[in-house]
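Quick look at input19.txt (compact mmCIF, C-alpha atoms):
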```
# COMPACT_ATOMS: atom_id res chain seq x y z
CA MET A 43 -47.00 39.02 -8.21
CA ILE A 44 -45.14 37.02 -5.62
CA CYS A 45 -46.12 33.46 -6.51
CA THR A 46 -46.67 33.85 -10.25
CA CYS A 47 -43.36 35.54 -11.04
CA ARG A 48 -41.22 33.41 -8.73
CA LYS A 49 -42.81 30.19 -9.98
CA ALA A 50 -42.22 31.09 -13.64
CA VAL A 51 -38.58 32.09 -13.07
CA LYS A 52 -37.85 28.92 -11.09
CA GLU A 53 -39.60 26.64 -13.61
CA VAL A 54 -37.49 28.00 -16.46
CA PHE A 55 -34.09 28.58 -14.84
CA LEU A 56 -33.75 26.00 -12.06
CA PRO A 57 -33.32 22.95 -14.35
CA TYR A 58 -30.23 24.55 -15.89
CA PHE A 59 -28.64 26.19 -12.86
CA ASP A 60 -29.54 24.09 -9.80
CA LYS A 61 -27.26 25.61 -7.11
CA ALA A 62 -25.64 28.14 -9.46
CA ILE A 63 -28.55 30.58 -9.17
CA TRP A 64 -29.88 32.70 -6.33
CA PHE A 65 -33.61 33.45 -6.32
CA GLN A 66 -34.82 36.59 -4.58
CA ASN A 67 -37.09 35.72 -1.67
CA SER A 68 -40.52 36.51 -3.09
CA SER A 69 -41.60 38.16 0.16
CA MET A 70 -38.78 40.65 -0.47
CA TYR A 71 -39.76 41.63 -4.04
CA HIS A 72 -39.65 45.40 -4.15
CA PHE A 73 -38.90 48.53 -6.17
CA SER A 74 -36.39 50.99 -4.79
CA MET A 75 -38.10 54.33 -5.33
CA PHE A 76 -35.75 56.57 -3.38
CA HIS A 77 -32.95 56.25 -0.83
CA ALA A 78 -32.77 58.58 2.15
CA SER A 79 -29.25 57.16 2.56
CA HIS A 80 -27.17 54.61 0.68
CA HIS A 81 -23.76 52.95 0.72
CA LEU A 82 -22.15 55.54 -1.57
CA GLU A 83 -23.34 58.48 0.51
CA PRO A 84 -24.42 57.41 4.00
CA ILE A 85 -26.59 59.96 5.80
CA LEU A 86 -26.61 59.65 9.57
CA ALA A 87 -29.94 60.39 11.21
CA THR A 88 -31.23 60.56 14.75
CA LYS A 89 -34.33 58.66 15.82
CA ASP A 90 -36.35 61.90 15.56
CA GLU A 91 -35.00 62.59 12.06
CA ILE A 92 -35.89 59.06 10.96
CA GLU A 93 -39.43 59.44 12.30
CA ALA A 94 -39.77 62.76 10.44
CA GLU A 95 -38.52 61.09 7.23
CA VAL A 96 -41.03 58.25 7.61
CA ASP A 97 -43.84 60.79 8.06
CA ALA A 98 -42.67 62.72 4.98
CA VAL A 99 -42.61 59.53 2.89
CA LYS A 100 -46.11 58.63 4.09
CA ARG A 101 -47.43 62.04 3.03
CA VAL A 102 -45.96 61.66 -0.46
CA THR A 103 -47.06 58.08 -0.95
CA GLU A 104 -50.59 58.51 0.37
CA ALA A 105 -51.18 60.99 -2.46
CA ALA A 106 -49.38 58.87 -5.08
CA CYS A 107 -50.79 55.39 -4.45
CA PRO A 108 -51.90 52.92 -5.49
CA LEU A 109 -50.16 52.32 -8.80
CA LYS A 110 -51.53 49.79 -11.26
CA ILE A 111 -48.48 48.30 -12.94
CA SER A 112 -47.87 45.57 -15.47
CA LEU A 113 -44.76 43.56 -16.21
CA ASP A 114 -43.43 44.98 -19.47
CA ARG A 115 -40.63 42.45 -19.85
CA VAL A 116 -38.01 40.37 -18.12
CA VAL A 117 -34.36 40.96 -19.04
CA LEU A 118 -31.07 39.34 -18.14
CA THR A 119 -28.23 41.77 -17.51
CA ALA A 120 -24.61 41.18 -18.51
CA THR A 121 -23.82 40.55 -14.83
CA GLY A 122 -26.40 37.75 -14.56
CA VAL A 123 -29.27 39.56 -12.85
CA LEU A 124 -32.76 38.65 -14.01
CA LEU A 125 -34.87 41.81 -13.78
CA GLY A 126 -38.57 42.43 -14.17
CA LEU A 127 -39.22 45.82 -15.79
CA TRP A 128 -42.61 47.32 -14.99
CA GLN A 129 -44.85 49.84 -16.74
CA VAL A 130 -47.29 52.09 -14.88
CA GLU A 131 -50.78 51.55 -16.31
CA SER A 132 -52.47 54.04 -14.00
CA GLY A 133 -51.33 56.17 -11.11
CA THR A 134 -48.50 58.60 -10.53
CA ASP A 135 -45.44 58.42 -12.78
CA PRO A 136 -42.37 57.10 -10.90
CA ALA A 137 -40.35 60.19 -11.89
CA ASP A 138 -42.99 62.41 -10.25
CA ILE A 139 -43.01 60.29 -7.10
CA ARG A 140 -39.22 60.43 -6.90
CA SER A 141 -39.28 64.20 -7.44
CA LYS A 142 -41.74 64.61 -4.57
CA LEU A 143 -39.63 62.35 -2.37
CA ARG A 144 -36.58 64.49 -3.24
CA GLU A 145 -38.48 67.57 -1.97
CA ALA A 146 -39.70 65.72 1.14
CA LEU A 147 -36.23 64.36 1.99
CA PRO A 148 -33.81 67.26 1.39
CA ARG A 149 -30.94 65.57 3.28
CA ALA A 150 -31.00 62.50 1.02
CA PRO A 151 -28.08 61.80 -1.33
CA GLN A 152 -28.27 63.90 -4.49
CA LYS A 153 -27.17 60.94 -6.59
CA GLN A 154 -29.72 58.16 -6.45
CA LEU A 155 -28.90 54.65 -7.63
CA TYR A 156 -31.20 54.18 -10.65
CA ASP A 157 -32.92 55.86 -13.55
CA PRO A 158 -35.78 58.04 -12.23
CA VAL A 159 -38.41 56.57 -14.58
CA LEU A 160 -37.51 52.90 -14.10
CA LEU A 161 -39.40 50.42 -11.93
CA HIS A 162 -37.58 47.11 -11.68
CA THR A 163 -37.61 44.02 -9.50
CA SER A 164 -34.69 41.63 -9.12
CA PHE A 165 -36.00 38.08 -9.54
CA ALA A 166 -32.72 36.13 -9.54
CA ARG A 167 -28.96 36.23 -10.04
CA ILE A 168 -27.06 33.62 -12.00
CA LEU A 169 -23.93 32.60 -10.09
CA GLY A 170 -22.30 30.12 -12.45
CA PRO A 171 -22.50 28.39 -15.82
CA PRO A 172 -25.57 26.40 -16.86
CA LYS A 173 -25.84 22.63 -16.88
CA LEU A 174 -26.15 21.98 -20.61
CA PRO A 175 -28.29 19.18 -22.02
CA GLN A 176 -26.22 16.04 -22.73
CA GLN A 177 -27.09 16.03 -26.43
CA GLU A 178 -25.77 19.56 -27.04
CA ASP A 179 -22.68 19.80 -29.24
CA THR A 180 -20.66 22.26 -27.16
CA SER A 181 -18.54 23.32 -30.14
CA SER A 182 -21.55 24.86 -31.89
CA PHE A 183 -23.52 25.75 -28.77
CA SER A 184 -24.54 29.43 -28.55
CA HIS A 185 -24.75 30.68 -24.97
CA ILE A 186 -26.41 33.86 -26.21
CA LYS A 187 -29.21 31.93 -27.94
CA PHE A 188 -29.53 29.70 -24.89
CA PHE A 189 -30.03 32.66 -22.53
CA HIS A 190 -32.31 34.48 -25.00
CA ASN A 191 -34.47 31.36 -25.11
CA LEU A 192 -34.71 31.13 -21.31
CA VAL A 193 -35.65 34.79 -20.99
CA ALA A 194 -38.22 34.44 -23.80
CA GLN A 195 -39.78 31.51 -21.93
CA VAL A 196 -40.12 33.56 -18.74
CA ASN A 197 -41.56 36.49 -20.71
CA GLY A 198 -44.08 34.12 -22.30
CA LYS A 199 -45.27 33.05 -18.87
CA ILE A 200 -45.49 36.38 -17.01
CA ARG A 201 -45.25 39.33 -19.42
CA GLY A 202 -48.29 41.56 -18.94
CA PHE A 203 -48.88 40.35 -15.37
CA GLN A 204 -50.64 43.15 -13.47
CA VAL A 205 -50.52 44.17 -9.85
CA ASN A 206 -51.69 47.07 -7.69
CA PHE A 207 -48.70 48.51 -5.87
CA CYS A 208 -48.48 50.80 -2.85
CA ILE A 209 -45.27 52.42 -1.66
CA SER A 210 -44.11 51.93 1.91
CA GLU A 211 -41.09 52.97 3.92
CA SER A 212 -38.43 50.37 4.62
CA LEU A 213 -35.69 50.93 7.16
CA SER A 214 -33.27 48.41 5.70
```
Encoding of this model in structure tokens:
Amino acid sequence: MICTCRKAVKEVFLPYFDKAIWFQNSSMYHFSMFHASHHLEPILATKDEIEAEVDAVKRVTEAACPLKISLDRVVLTATGVLLGLWQVESGTDPADIRSKLREALPRAPQKQLYDPVLLHTSFARILGPPKLPQQEDTSSFSHIKFFHNLVAQVNGKIRGFQVNFCISESLS
């Protein structure tokens, strides 16, 4: 996943955005499954409570992993984030995993930060306007078509890419 996805995104987007795009570090590609604490509802925990939470997460994930997932599509959000949306081919449904994590982490914020069935990875964020080809007539140029074309190119390169995924605890 790491090299293939990052390479495809960079090949397509970098020529048009140069320094006006931020690429997620491929070693940091992840899916946020559940937050024991987050910025909207911080939960303070002692060292012992954190260790207990890590053990609880391990118990849930050992039963739920691995997941075989495939890249369903890449989308560009209105705020300029390029997301990979994944589909579970085999393994435990993300909603079931999140439900089990909710039971295992009763102190966690009730409101989580994403749809319970969604698995997504942030590949990049566009920070500014594209460098347009010199020959483009800017009066008739369609930014929507331009971005649709870039996203279609990335999808053509990596859509259907498969990976085996295991869940781990991160203390970030």
Quick one: of A:Thr103, A:Gln66, A:Thr88, A:Ser141, who's nearest to A:Val123, counting all atoms listed in the file? A:Gln66
Quick one: residues within 10 Å of stretch 191-204 of chain A, all atoms listed in the file counted, chain neighbours fewer than 3 positions away excluded, as a VMD selection string? chain A and resid 43 46 to 55 58 110 to 118 124 126 to 131 185 to 188 207
Show which residues sit within 12 Å of A:Lys153, as a PyMOL selection string. Count only C-alpha atoms, and ignore same-chain residues fewer than 2 positions away. chain A and resi 76-84+144+149-151+155-158
Have a look at atom CA of A:Leu56 and atom CA of A:Thr119 and let me know their distance in Å, one decimal.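 It comes out at 17.6 Å.
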Which residues are close to A:Lys100, i.e. within 12 Å by all atoms listed in the file, leaving aside same-chain residues fewer than 2 positions away? Reply as a PDB file with C-alpha atoms, keeping the file's coordinate frame.
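The resulting file, around.pdb, is shown below:
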```
ATOM      1  CA  GLU A  93     -39.430  59.440  12.300  1.00  0.00           C
ATOM      2  CA  ALA A  94     -39.770  62.760  10.440  1.00  0.00           C
ATOM      3  CA  GLU A  95     -38.520  61.090   7.230  1.00  0.00           C
ATOM      4  CA  VAL A  96     -41.030  58.250   7.610  1.00  0.00           C
ATOM      5  CA  ASP A  97     -43.840  60.790   8.060  1.00  0.00           C
ATOM      6  CA  ALA A  98     -42.670  62.720   4.980  1.00  0.00           C
ATOM      7  CA  VAL A 102     -45.960  61.660  -0.460  1.00  0.00           C
ATOM      8  CA  THR A 103     -47.060  58.080  -0.950  1.00  0.00           C
ATOM      9  CA  GLU A 104     -50.590  58.510   0.370  1.00  0.00           C
ATOM     10  CA  ALA A 105     -51.180  60.990  -2.460  1.00  0.00           C
ATOM     11  CA  ALA A 106     -49.380  58.870  -5.080  1.00  0.00           C
ATOM     12  CA  CYS A 107     -50.790  55.390  -4.450  1.00  0.00           C
ATOM     13  CA  ILE A 139     -43.010  60.290  -7.100  1.00  0.00           C
ATOM     14  CA  LYS A 142     -41.740  64.610  -4.570  1.00  0.00           C
ATOM     15  CA  LEU A 143     -39.630  62.350  -2.370  1.00  0.00           C
ATOM     16  CA  ALA A 146     -39.700  65.720   1.140  1.00  0.00           C
ATOM     17  CA  LEU A 147     -36.230  64.360   1.990  1.00  0.00           C
ATOM     18  CA  CYS A 208     -48.480  50.800  -2.850  1.00  0.00           C
ATOM     19  CA  ILE A 209     -45.270  52.420  -1.660  1.00  0.00           C
ATOM     20  CA  SER A 210     -44.110  51.930   1.910  1.00  0.00           C
ATOM     21  CA  GLU A 211     -41.090  52.970   3.920  1.00  0.00           C
ATOM     22  CA  SER A 212     -38.430  50.370   4.620  1.00  0.00           C
TER      23      SER A 212
END
```
Interatomic distance (Å, one decimal) between atom CA of A:Phe73 and atom CA of A:Thr163: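 That distance, rounded to one decimal, is 5.8 Å.
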d(atom CA of A:Ala62, atom CA of A:Lys173) in Å: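 Distance between the two atoms: 9.2 Å.
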Given only C-alpha atoms as the counted atoms, nearest of A:Ala166, A:Glu145, A:Leu109, A:Phe59 to A:Tyr71: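 The answer is A:Ala166, which sits nearest to A:Tyr71.
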Taking all atoms listed in the file into account, which of A:Arg140, A:His72, A:Lys61, A:Arg167 comes nearest A:Ala120?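 Distance minimum relative to A:Ala120 lands on A:Arg167.
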Determine the nearest neighbour of A:Ser132 from the options A:Leu174, A:Asn206, A:Ala87, A:Ser74, counting only C-alpha atoms.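 Of A:Leu174, A:Asn206, A:Ala87, A:Ser74, the one nearest A:Ser132, counting only C-alpha atoms, is A:Asn206.
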